[in-house]
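> What follows is target_13.pdb, PDB, C-alpha atoms.
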```pdb
ATOM      1  CA  MET A 150     -16.601 151.246  -1.657
ATOM      2  CA  SER A 151     -17.222 154.697  -3.085
ATOM      3  CA  MET A 152     -17.036 158.184  -1.682
ATOM      4  CA  LEU A 153     -19.067 161.275  -2.414
ATOM      5  CA  ILE A 154     -17.036 164.391  -1.678
ATOM      6  CA  LEU A 155     -18.545 167.832  -1.204
ATOM      7  CA  CYS A 156     -16.355 170.908  -1.181
ATOM      8  CA  THR A 157     -17.202 173.153   1.758
ATOM      9  CA  GLY A 158     -19.719 175.921   1.145
ATOM     10  CA  LYS A 159     -18.756 179.524   0.537
ATOM     11  CA  PRO A 160     -17.814 181.107   3.875
ATOM     12  CA  LEU A 161     -19.549 184.183   5.215
ATOM     13  CA  SER A 162     -16.047 185.691   5.421
ATOM     14  CA  PRO A 163     -14.467 184.625   2.097
ATOM     15  CA  LEU A 164     -10.805 185.191   1.291
ATOM     16  CA  GLU A 165     -11.228 187.919  -1.312
ATOM     17  CA  GLY A 166      -9.599 191.220  -2.126
ATOM     18  CA  SER A 167      -6.110 192.390  -1.139
ATOM     19  CA  TYR A 168      -4.283 191.969   2.161
ATOM     20  CA  THR A 169      -1.090 192.850   3.930
ATOM     21  CA  SER A 170       0.759 189.795   5.242
ATOM     22  CA  ALA A 171      -0.695 190.126   8.752
ATOM     23  CA  ALA A 172      -4.196 190.695   7.411
ATOM     24  CA  PHE A 173      -3.875 187.687   5.120
ATOM     25  CA  ASP A 174      -2.854 185.399   8.004
ATOM     26  CA  ALA A 175      -5.853 186.551  10.016
ATOM     27  CA  ALA A 176      -8.252 186.243   7.069
ATOM     28  CA  ALA A 177      -7.065 182.732   6.174
ATOM     29  CA  GLU A 178      -7.786 181.538   9.703
ATOM     30  CA  ALA A 179     -11.113 183.381   9.779
ATOM     31  CA  VAL A 180     -12.319 181.406   6.750
ATOM     32  CA  ILE A 181     -12.143 178.137   8.698
ATOM     33  CA  ARG A 182     -13.932 179.706  11.681
ATOM     34  CA  SER A 183     -16.598 181.238   9.469
ATOM     35  CA  ALA A 184     -20.011 179.697   8.949
ATOM     36  CA  ALA A 185     -21.028 178.774   5.421
ATOM     37  CA  GLN A 186     -23.419 180.899   3.425
ATOM     38  CA  ALA A 187     -26.899 179.427   3.085
ATOM     39  CA  PRO A 188     -26.943 177.193  -0.009
ATOM     40  CA  SER A 189     -29.506 177.453  -2.786
ATOM     41  CA  GLU A 190     -29.234 173.744  -3.598
ATOM     42  CA  ARG A 191     -31.706 171.181  -2.301
ATOM     43  CA  ARG A 192     -30.603 169.148   0.687
ATOM     44  CA  ILE A 193     -28.722 165.921   0.021
ATOM     45  CA  LEU A 194     -29.723 162.619   1.578
ATOM     46  CA  PRO A 195     -26.582 160.742   2.702
ATOM     47  CA  GLY A 196     -28.265 157.482   1.720
ATOM     48  CA  GLY A 197     -26.579 155.316   4.333
ATOM     49  CA  ARG A 198     -23.126 156.813   3.758
ATOM     50  CA  VAL A 199     -20.975 157.571   6.788
ATOM     51  CA  VAL A 200     -20.516 161.356   6.893
ATOM     52  CA  TRP A 201     -17.065 162.706   7.745
ATOM     53  CA  ILE A 202     -16.176 166.345   8.387
ATOM     54  CA  GLY A 203     -13.036 168.142   9.477
ATOM     55  CA  GLU A 204     -12.763 170.391  12.486
ATOM     56  CA  GLY A 205     -13.899 173.991  12.111
ATOM     57  CA  LEU A 206     -17.229 175.758  11.799
ATOM     58  CA  LEU A 207     -17.132 175.973   8.003
ATOM     59  CA  ALA A 208     -17.160 172.190   7.579
ATOM     60  CA  ARG A 209     -19.839 171.643  10.228
ATOM     61  CA  SER A 210     -22.155 174.408   9.033
ATOM     62  CA  THR A 211     -21.788 173.174   5.431
ATOM     63  CA  ALA A 212     -22.858 169.685   6.487
ATOM     64  CA  GLU A 213     -25.734 170.949   8.613
ATOM     65  CA  GLN A 214     -27.060 173.201   5.839
ATOM     66  CA  ILE A 215     -26.700 170.920   2.801
ATOM     67  CA  LEU A 216     -27.349 167.446   4.244
ATOM     68  CA  GLU A 217     -30.510 165.946   5.631
ATOM     69  CA  PRO A 218     -30.123 165.493   9.423
ATOM     70  CA  CYS A 219     -27.554 162.769  10.091
ATOM     71  CA  GLU A 220     -24.700 161.813  12.403
ATOM     72  CA  LEU A 221     -21.484 163.722  11.700
ATOM     73  CA  HIS A 222     -18.111 162.090  12.358
ATOM     74  CA  VAL A 223     -15.395 164.661  13.054
ATOM     75  CA  GLU A 224     -12.017 163.628  11.629
ATOM     76  CA  PRO A 225      -8.975 165.922  12.128
ATOM     77  CA  LEU A 226      -7.280 164.307   9.129
ATOM     78  CA  LEU A 227      -9.838 166.228   7.019
ATOM     79  CA  ASN A 228      -8.799 169.633   8.383
ATOM     80  CA  GLU A 229      -7.928 172.411   5.978
ATOM     81  CA  ILE A 230      -4.265 173.097   5.229
ATOM     82  CA  SER A 231      -3.155 176.065   7.310
ATOM     83  CA  VAL A 232      -1.817 178.851   5.099
ATOM     84  CA  ARG A 233       0.535 181.656   6.098
ATOM     85  CA  ALA A 234       1.808 184.706   4.225
ATOM     86  CA  PHE A 235       4.896 183.898   2.166
ATOM     87  CA  SER A 236       6.695 187.030   3.477
ATOM     88  CA  ASP A 237       6.218 189.871   5.929
ATOM     89  CA  SER A 238       4.915 192.899   4.079
ATOM     90  CA  ASP A 239       2.722 195.938   4.649
ATOM     91  CA  ARG A 240       2.051 196.096   0.918
ATOM     92  CA  PRO A 241      -1.436 194.809   0.058
ATOM     93  CA  LEU A 242      -1.424 191.919  -2.415
ATOM     94  CA  PRO A 243      -4.330 189.979  -3.954
ATOM     95  CA  ALA A 244      -5.442 186.911  -2.016
ATOM     96  CA  GLU A 245      -4.694 184.702  -5.034
ATOM     97  CA  LYS A 246      -1.039 185.764  -5.001
ATOM     98  CA  TRP A 247      -0.696 185.017  -1.291
ATOM     99  CA  LEU A 248      -2.239 181.582  -1.864
ATOM    100  CA  ARG A 249      -0.148 180.799  -4.936
ATOM    101  CA  LYS A 250       3.127 181.733  -3.238
ATOM    102  CA  ALA A 251       2.164 179.820  -0.086
ATOM    103  CA  ALA A 252       1.518 176.721  -2.202
ATOM    104  CA  ALA A 253       4.986 177.025  -3.731
ATOM    105  CA  GLN A 254       6.515 177.315  -0.264
ATOM    106  CA  ARG A 255       4.539 174.296   0.927
ATOM    107  CA  LYS A 256       5.855 172.283  -2.016
ATOM    108  CA  SER A 257       9.464 173.241  -1.244
ATOM    109  CA  GLY A 258       9.076 172.644   2.496
ATOM    110  CA  ASP A 259       9.599 176.278   3.481
ATOM    111  CA  PRO A 260       9.222 176.621   7.282
ATOM    112  CA  ARG A 261       6.904 179.618   6.900
ATOM    113  CA  GLN A 262       4.145 177.152   6.008
ATOM    114  CA  PRO A 263       2.825 175.038   8.922
ATOM    115  CA  GLU A 264       2.600 171.883   6.756
ATOM    116  CA  SER A 265       4.923 170.751   3.991
ATOM    117  CA  ARG A 266       3.482 169.020   0.954
ATOM    118  CA  GLU A 267       5.006 165.766   2.218
ATOM    119  CA  ALA A 268       3.194 166.190   5.542
ATOM    120  CA  VAL A 269      -0.077 166.918   3.760
ATOM    121  CA  ALA A 270       0.363 163.836   1.554
ATOM    122  CA  ALA A 271       1.024 161.699   4.624
ATOM    123  CA  ARG A 272      -2.141 163.050   6.247
ATOM    124  CA  ALA A 273      -4.166 162.314   3.124
ATOM    125  CA  ASP A 274      -2.706 158.797   2.932
ATOM    126  CA  ALA A 275      -3.670 158.177   6.559
ATOM    127  CA  LEU A 276      -7.214 159.328   5.828
ATOM    128  CA  ILE A 277      -7.499 157.040   2.797
ATOM    129  CA  ARG A 278      -6.271 154.073   4.853
ATOM    130  CA  LYS A 279      -8.832 154.840   7.549
ATOM    131  CA  LEU A 280     -11.642 155.025   5.014
ATOM    132  CA  GLU A 281     -10.522 151.739   3.457
ATOM    133  CA  GLU A 282     -10.438 150.070   6.866
ATOM    134  CA  THR A 283     -14.048 151.033   7.508
ATOM    135  CA  GLY A 284     -15.031 149.469   4.170
ATOM    136  CA  THR A 285     -18.229 151.519   3.992
ATOM    137  CA  ASP A 286     -19.434 154.113   1.505
ATOM    138  CA  SER A 287     -18.671 157.580   2.808
ATOM    139  CA  LEU A 288     -19.599 161.208   2.302
ATOM    140  CA  LEU A 289     -16.812 163.693   3.002
ATOM    141  CA  ILE A 290     -17.040 167.446   3.493
ATOM    142  CA  VAL A 291     -13.601 168.721   2.464
ATOM    143  CA  TYR A 292     -11.945 172.142   2.566
ATOM    144  CA  PRO A 293     -10.811 173.350  -0.894
ATOM    145  CA  ILE A 294      -7.023 173.584  -0.440
ATOM    146  CA  PHE A 295      -6.805 170.138   1.153
ATOM    147  CA  LEU A 296      -9.252 168.778  -1.427
ATOM    148  CA  ALA A 297      -6.777 169.272  -4.282
ATOM    149  CA  GLU A 298      -4.066 167.342  -2.432
ATOM    150  CA  LEU A 299      -6.489 164.632  -1.288
ATOM    151  CA  LEU A 300      -7.687 163.909  -4.825
ATOM    152  CA  ASP A 301      -4.078 163.613  -6.010
ATOM    153  CA  ARG A 302      -3.434 161.003  -3.324
ATOM    154  CA  PHE A 303      -6.617 159.119  -4.204
ATOM    155  CA  ARG A 304      -5.322 158.830  -7.779
ATOM    156  CA  VAL A 305      -1.986 157.528  -6.492
ATOM    157  CA  HIS A 306      -3.898 154.895  -4.513
ATOM    158  CA  ASN A 307      -5.592 153.623  -7.689
ATOM    159  CA  TYR A 308      -8.897 155.462  -7.407
ATOM    160  CA  VAL A 309     -10.973 157.082 -10.125
ATOM    161  CA  VAL A 310     -11.913 160.717  -9.512
ATOM    162  CA  GLN A 311     -15.014 161.986 -11.319
ATOM    163  CA  ARG A 312     -15.862 165.688 -11.245
ATOM    164  CA  GLY A 313     -17.659 168.068 -13.565
ATOM    165  CA  GLY A 314     -15.188 170.970 -13.340
ATOM    166  CA  LEU A 315     -11.616 171.162 -14.533
ATOM    167  CA  PHE A 316     -10.166 174.104 -12.667
ATOM    168  CA  ARG A 317     -10.842 175.762  -9.307
ATOM    169  CA  PHE A 318     -13.152 173.884  -6.943
ATOM    170  CA  GLN A 319     -16.516 175.543  -6.517
ATOM    171  CA  PRO A 320     -18.354 175.747  -3.174
ATOM    172  CA  LEU A 321     -20.465 172.603  -2.699
ATOM    173  CA  GLU A 322     -18.985 170.979  -5.805
ATOM    174  CA  LYS A 323     -19.715 167.238  -5.875
ATOM    175  CA  ILE A 324     -16.964 164.721  -6.669
ATOM    176  CA  VAL A 325     -17.249 160.926  -6.785
ATOM    177  CA  VAL A 326     -14.231 158.800  -5.868
ATOM    178  CA  SER A 327     -14.154 155.026  -6.302
ATOM    179  CA  ARG A 328     -11.740 152.142  -6.801
ATOM    180  CA  LYS A 329     -10.445 151.808 -10.348
ATOM    181  CA  ASP A 330     -11.189 148.069 -10.348
ATOM    182  CA  GLU A 331     -14.879 148.884  -9.781
ATOM    183  CA  HIS A 332     -15.043 150.470 -13.245
ATOM    184  CA  CYS A 333     -15.278 149.006 -16.718
ATOM    185  CA  GLY A 334     -12.414 150.848 -18.380
ATOM    186  CA  GLY A 335     -13.720 149.692 -21.758
ATOM    187  CA  CYS A 336     -14.682 153.117 -23.121
ATOM    188  CA  GLN A 337     -14.546 156.798 -22.319
ATOM    189  CA  HIS A 338     -17.568 156.566 -20.007
ATOM    190  CA  ASN A 339     -15.696 154.171 -17.667
ATOM    191  CA  CYS A 340     -18.963 153.306 -15.902
ATOM    192  CA  PHE A 341     -19.334 151.239 -12.742
ATOM    193  CA  LEU A 342     -19.313 147.466 -13.207
ATOM    194  CA  SER A 343     -22.358 147.399 -10.940
ATOM    195  CA  ASN A 344     -24.239 149.188 -13.733
ATOM    196  CA  PRO A 345     -22.303 148.711 -17.008
ATOM    197  CA  GLY A 346     -23.484 150.712 -19.980
ATOM    198  CA  CYS A 347     -21.783 148.888 -22.846
ATOM    199  CA  GLY A 348     -21.142 145.368 -24.067
ATOM    200  CA  VAL A 349     -17.538 145.408 -22.898
ATOM    201  CA  GLY A 350     -18.619 146.443 -19.412
ATOM    202  CA  ARG A 351     -21.382 143.866 -19.216
ATOM    203  CA  ASP A 352     -18.982 141.123 -20.283
ATOM    204  CA  LYS A 353     -16.403 142.236 -17.733
ATOM    205  CA  ALA A 354     -19.062 142.379 -15.008
ATOM    206  CA  MET A 355     -20.216 138.848 -15.835
ATOM    207  CA  ARG A 356     -16.654 137.503 -15.716
ATOM    208  CA  ARG A 357     -16.069 139.298 -12.428
ATOM    209  CA  LYS A 358     -19.093 137.565 -10.902
ATOM    210  CA  GLY A 359     -17.551 134.259 -11.949
TER     211      GLY A 359
END
```
Please express what this file holds, its structure, as structure tokens.

Amino acid sequence: MSMLILCTGKPLSPLEGSYTSAAFDAAAEAVIRSAAQAPSERRILPGGRVVWIGEGLLARSTAEQILEPCELHVEPLLNEISVRAFSDSDRPLPAEKWLRKAAAQRKSGDPRQPESREAVAARADALIRKLEETGTDSLLIVYPIFLAELLDRFRVHNYVVQRGGLFRFQPLEKIVVSRKDEHCGGCQHNCFLSNPGCGVGRDKAMRRKG
């Protein structure tokens, strides 16, 4: 079982610039309700994968714009993490500072944030269990803040996460997640045993087949 994850597209109302605390709260919610900007990439064929999206227009419009027509399964466990201002202030601050401070509060369990990090981890764990129970290859459209936490939980559950970037997730970034035991592990490429690219991998694949 493997999963292709797509980060949601860039919203028409992105969280950019500086905000007071009240304006930041409103803008953070508006992102989820915003449609995605039209992508320049070619449409993706799900290829038999079950497609999962969270609630909210941004996830749905991303899927409808970037994927070939297919059935969309709405899963609340994939919803974005709600973010609130870390303090009440009429002083405008950059969006990045509001987000960074909110993340610290989430980690410490501060009640200003709707979800603690423990609650987010539990939600991600429940999603992973549900995906494992289906046993089918999946394609997930995931909001960026939740995506970081979800990938951490996948690693805890013995999955390999393969992405091209190292830092901030980019709109429509593609990430492949698969079980660690489905990989060779014999070299830095760590290719799938279904298509090994080295002698060590081919030998391991043969032994796995019995």
> From the set A:Arg278, A:His306, A:Arg249, A:Lys323, which residue has the shortest atom-to-atom contact distance to Val291 in chain A, counting only C-alpha atoms?
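The closest residue to Val291 in chain A is A:Lys323.
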> Can you work out the spacing between CA of Ala176 in chain A and CA of Ser162 in chain A in Å, to one decimal?
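Answer for the CA of Ala176 in chain A to CA of Ser162 in chain A separation: 8.0 Å.
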> Go through A:Asp286, A:Leu221, A:Leu242, A:Ala208 one by one, measure the shortest atom-to-atom distance of each to Glu165 in chain A using only C-alpha atoms, and give the residue with the smallest value.
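Answer, going by the shortest atom-to-atom distance: A:Leu242.
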> Please list as a ChimeraX atom specification every residue within 9 Å of range 230-236 of chain A, counting all atoms listed in the file and excluding residues in the same chain fewer than 3 positions away.
/A:169-171,173-175,177-178,247-248,250-252,254-255,261-264,269,292-295
> Any idea what's packed within 10 Å of Arg312 in chain A, counting all atoms listed in the file, ignoring anything in its chain fewer than 4 positions away? Could you give it as JSON, numbers by chain?
{"A": [154, 318, 322, 323, 324, 325, 326]}
> Between A:Glu245, A:Glu204, A:Glu217, A:Glu224, which is the closest to Ala273 in chain A once you count all atoms listed in the file?
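Using all atoms listed in the file, Ala273 in chain A sits closest to A:Glu224.
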> Could you state the separation of CA of Gly196 in chain A and CA of Ile290 in chain A in Å, given to one decimal place?
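Rounded to one decimal, the two atoms are 15.1 Å apart.
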> Take the PyMOL selection byres ((chain A and resi 157) around 12), apply it to the structure above, and return the hits as a PDB file with C-alpha atoms, keeping the file's coordinate frame.

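And here is the file that came out, out.pdb:
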```
ATOM      1  CA  ILE A 154     -17.036 164.391  -1.678  1.00  0.00           C
ATOM      2  CA  LEU A 155     -18.545 167.832  -1.204  1.00  0.00           C
ATOM      3  CA  CYS A 156     -16.355 170.908  -1.181  1.00  0.00           C
ATOM      4  CA  GLY A 158     -19.719 175.921   1.145  1.00  0.00           C
ATOM      5  CA  LYS A 159     -18.756 179.524   0.537  1.00  0.00           C
ATOM      6  CA  PRO A 160     -17.814 181.107   3.875  1.00  0.00           C
ATOM      7  CA  LEU A 161     -19.549 184.183   5.215  1.00  0.00           C
ATOM      8  CA  PRO A 163     -14.467 184.625   2.097  1.00  0.00           C
ATOM      9  CA  VAL A 180     -12.319 181.406   6.750  1.00  0.00           C
ATOM     10  CA  ILE A 181     -12.143 178.137   8.698  1.00  0.00           C
ATOM     11  CA  SER A 183     -16.598 181.238   9.469  1.00  0.00           C
ATOM     12  CA  ALA A 184     -20.011 179.697   8.949  1.00  0.00           C
ATOM     13  CA  ALA A 185     -21.028 178.774   5.421  1.00  0.00           C
ATOM     14  CA  GLN A 186     -23.419 180.899   3.425  1.00  0.00           C
ATOM     15  CA  ALA A 187     -26.899 179.427   3.085  1.00  0.00           C
ATOM     16  CA  PRO A 188     -26.943 177.193  -0.009  1.00  0.00           C
ATOM     17  CA  ILE A 202     -16.176 166.345   8.387  1.00  0.00           C
ATOM     18  CA  GLY A 203     -13.036 168.142   9.477  1.00  0.00           C
ATOM     19  CA  GLU A 204     -12.763 170.391  12.486  1.00  0.00           C
ATOM     20  CA  GLY A 205     -13.899 173.991  12.111  1.00  0.00           C
ATOM     21  CA  LEU A 206     -17.229 175.758  11.799  1.00  0.00           C
ATOM     22  CA  LEU A 207     -17.132 175.973   8.003  1.00  0.00           C
ATOM     23  CA  ALA A 208     -17.160 172.190   7.579  1.00  0.00           C
ATOM     24  CA  ARG A 209     -19.839 171.643  10.228  1.00  0.00           C
ATOM     25  CA  SER A 210     -22.155 174.408   9.033  1.00  0.00           C
ATOM     26  CA  THR A 211     -21.788 173.174   5.431  1.00  0.00           C
ATOM     27  CA  ALA A 212     -22.858 169.685   6.487  1.00  0.00           C
ATOM     28  CA  GLU A 213     -25.734 170.949   8.613  1.00  0.00           C
ATOM     29  CA  GLN A 214     -27.060 173.201   5.839  1.00  0.00           C
ATOM     30  CA  ILE A 215     -26.700 170.920   2.801  1.00  0.00           C
ATOM     31  CA  LEU A 216     -27.349 167.446   4.244  1.00  0.00           C
ATOM     32  CA  LEU A 227      -9.838 166.228   7.019  1.00  0.00           C
ATOM     33  CA  ASN A 228      -8.799 169.633   8.383  1.00  0.00           C
ATOM     34  CA  GLU A 229      -7.928 172.411   5.978  1.00  0.00           C
ATOM     35  CA  LEU A 289     -16.812 163.693   3.002  1.00  0.00           C
ATOM     36  CA  ILE A 290     -17.040 167.446   3.493  1.00  0.00           C
ATOM     37  CA  VAL A 291     -13.601 168.721   2.464  1.00  0.00           C
ATOM     38  CA  TYR A 292     -11.945 172.142   2.566  1.00  0.00           C
ATOM     39  CA  PRO A 293     -10.811 173.350  -0.894  1.00  0.00           C
ATOM     40  CA  ILE A 294      -7.023 173.584  -0.440  1.00  0.00           C
ATOM     41  CA  PHE A 295      -6.805 170.138   1.153  1.00  0.00           C
ATOM     42  CA  LEU A 296      -9.252 168.778  -1.427  1.00  0.00           C
ATOM     43  CA  PHE A 318     -13.152 173.884  -6.943  1.00  0.00           C
ATOM     44  CA  GLN A 319     -16.516 175.543  -6.517  1.00  0.00           C
ATOM     45  CA  PRO A 320     -18.354 175.747  -3.174  1.00  0.00           C
ATOM     46  CA  LEU A 321     -20.465 172.603  -2.699  1.00  0.00           C
ATOM     47  CA  GLU A 322     -18.985 170.979  -5.805  1.00  0.00           C
ATOM     48  CA  LYS A 323     -19.715 167.238  -5.875  1.00  0.00           C
ATOM     49  CA  ILE A 324     -16.964 164.721  -6.669  1.00  0.00           C
TER      50      ILE A 324
END
```
> In Å, rounded to a single decimal, give me how far CA of Arg328 in chain A is from CA of Met150 in chain A.
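CA of Met150 in chain A sits 7.1 Å away from CA of Arg328 in chain A.
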> Give as JSON, numbers by chain the residues that the PyMOL selection byres ((chain A and resi 300-305) around 8) matches when applied to the coordinates above.
{"A": [270, 273, 274, 277, 296, 297, 298, 299, 306, 307, 308, 309, 310, 326]}
> As JSON, please report the centre and edge lengths, rounded to one decimal in Å, of the axis-aligned box that holds all listed atoms of range 271-281 of chain A with 4 Å of padding on each of the six sides.

```
{"center_x": -5.3, "center_y": 157.4, "center_z": 5.2, "size_x": 20.7, "size_y": 19.3, "size_z": 12.8}
```
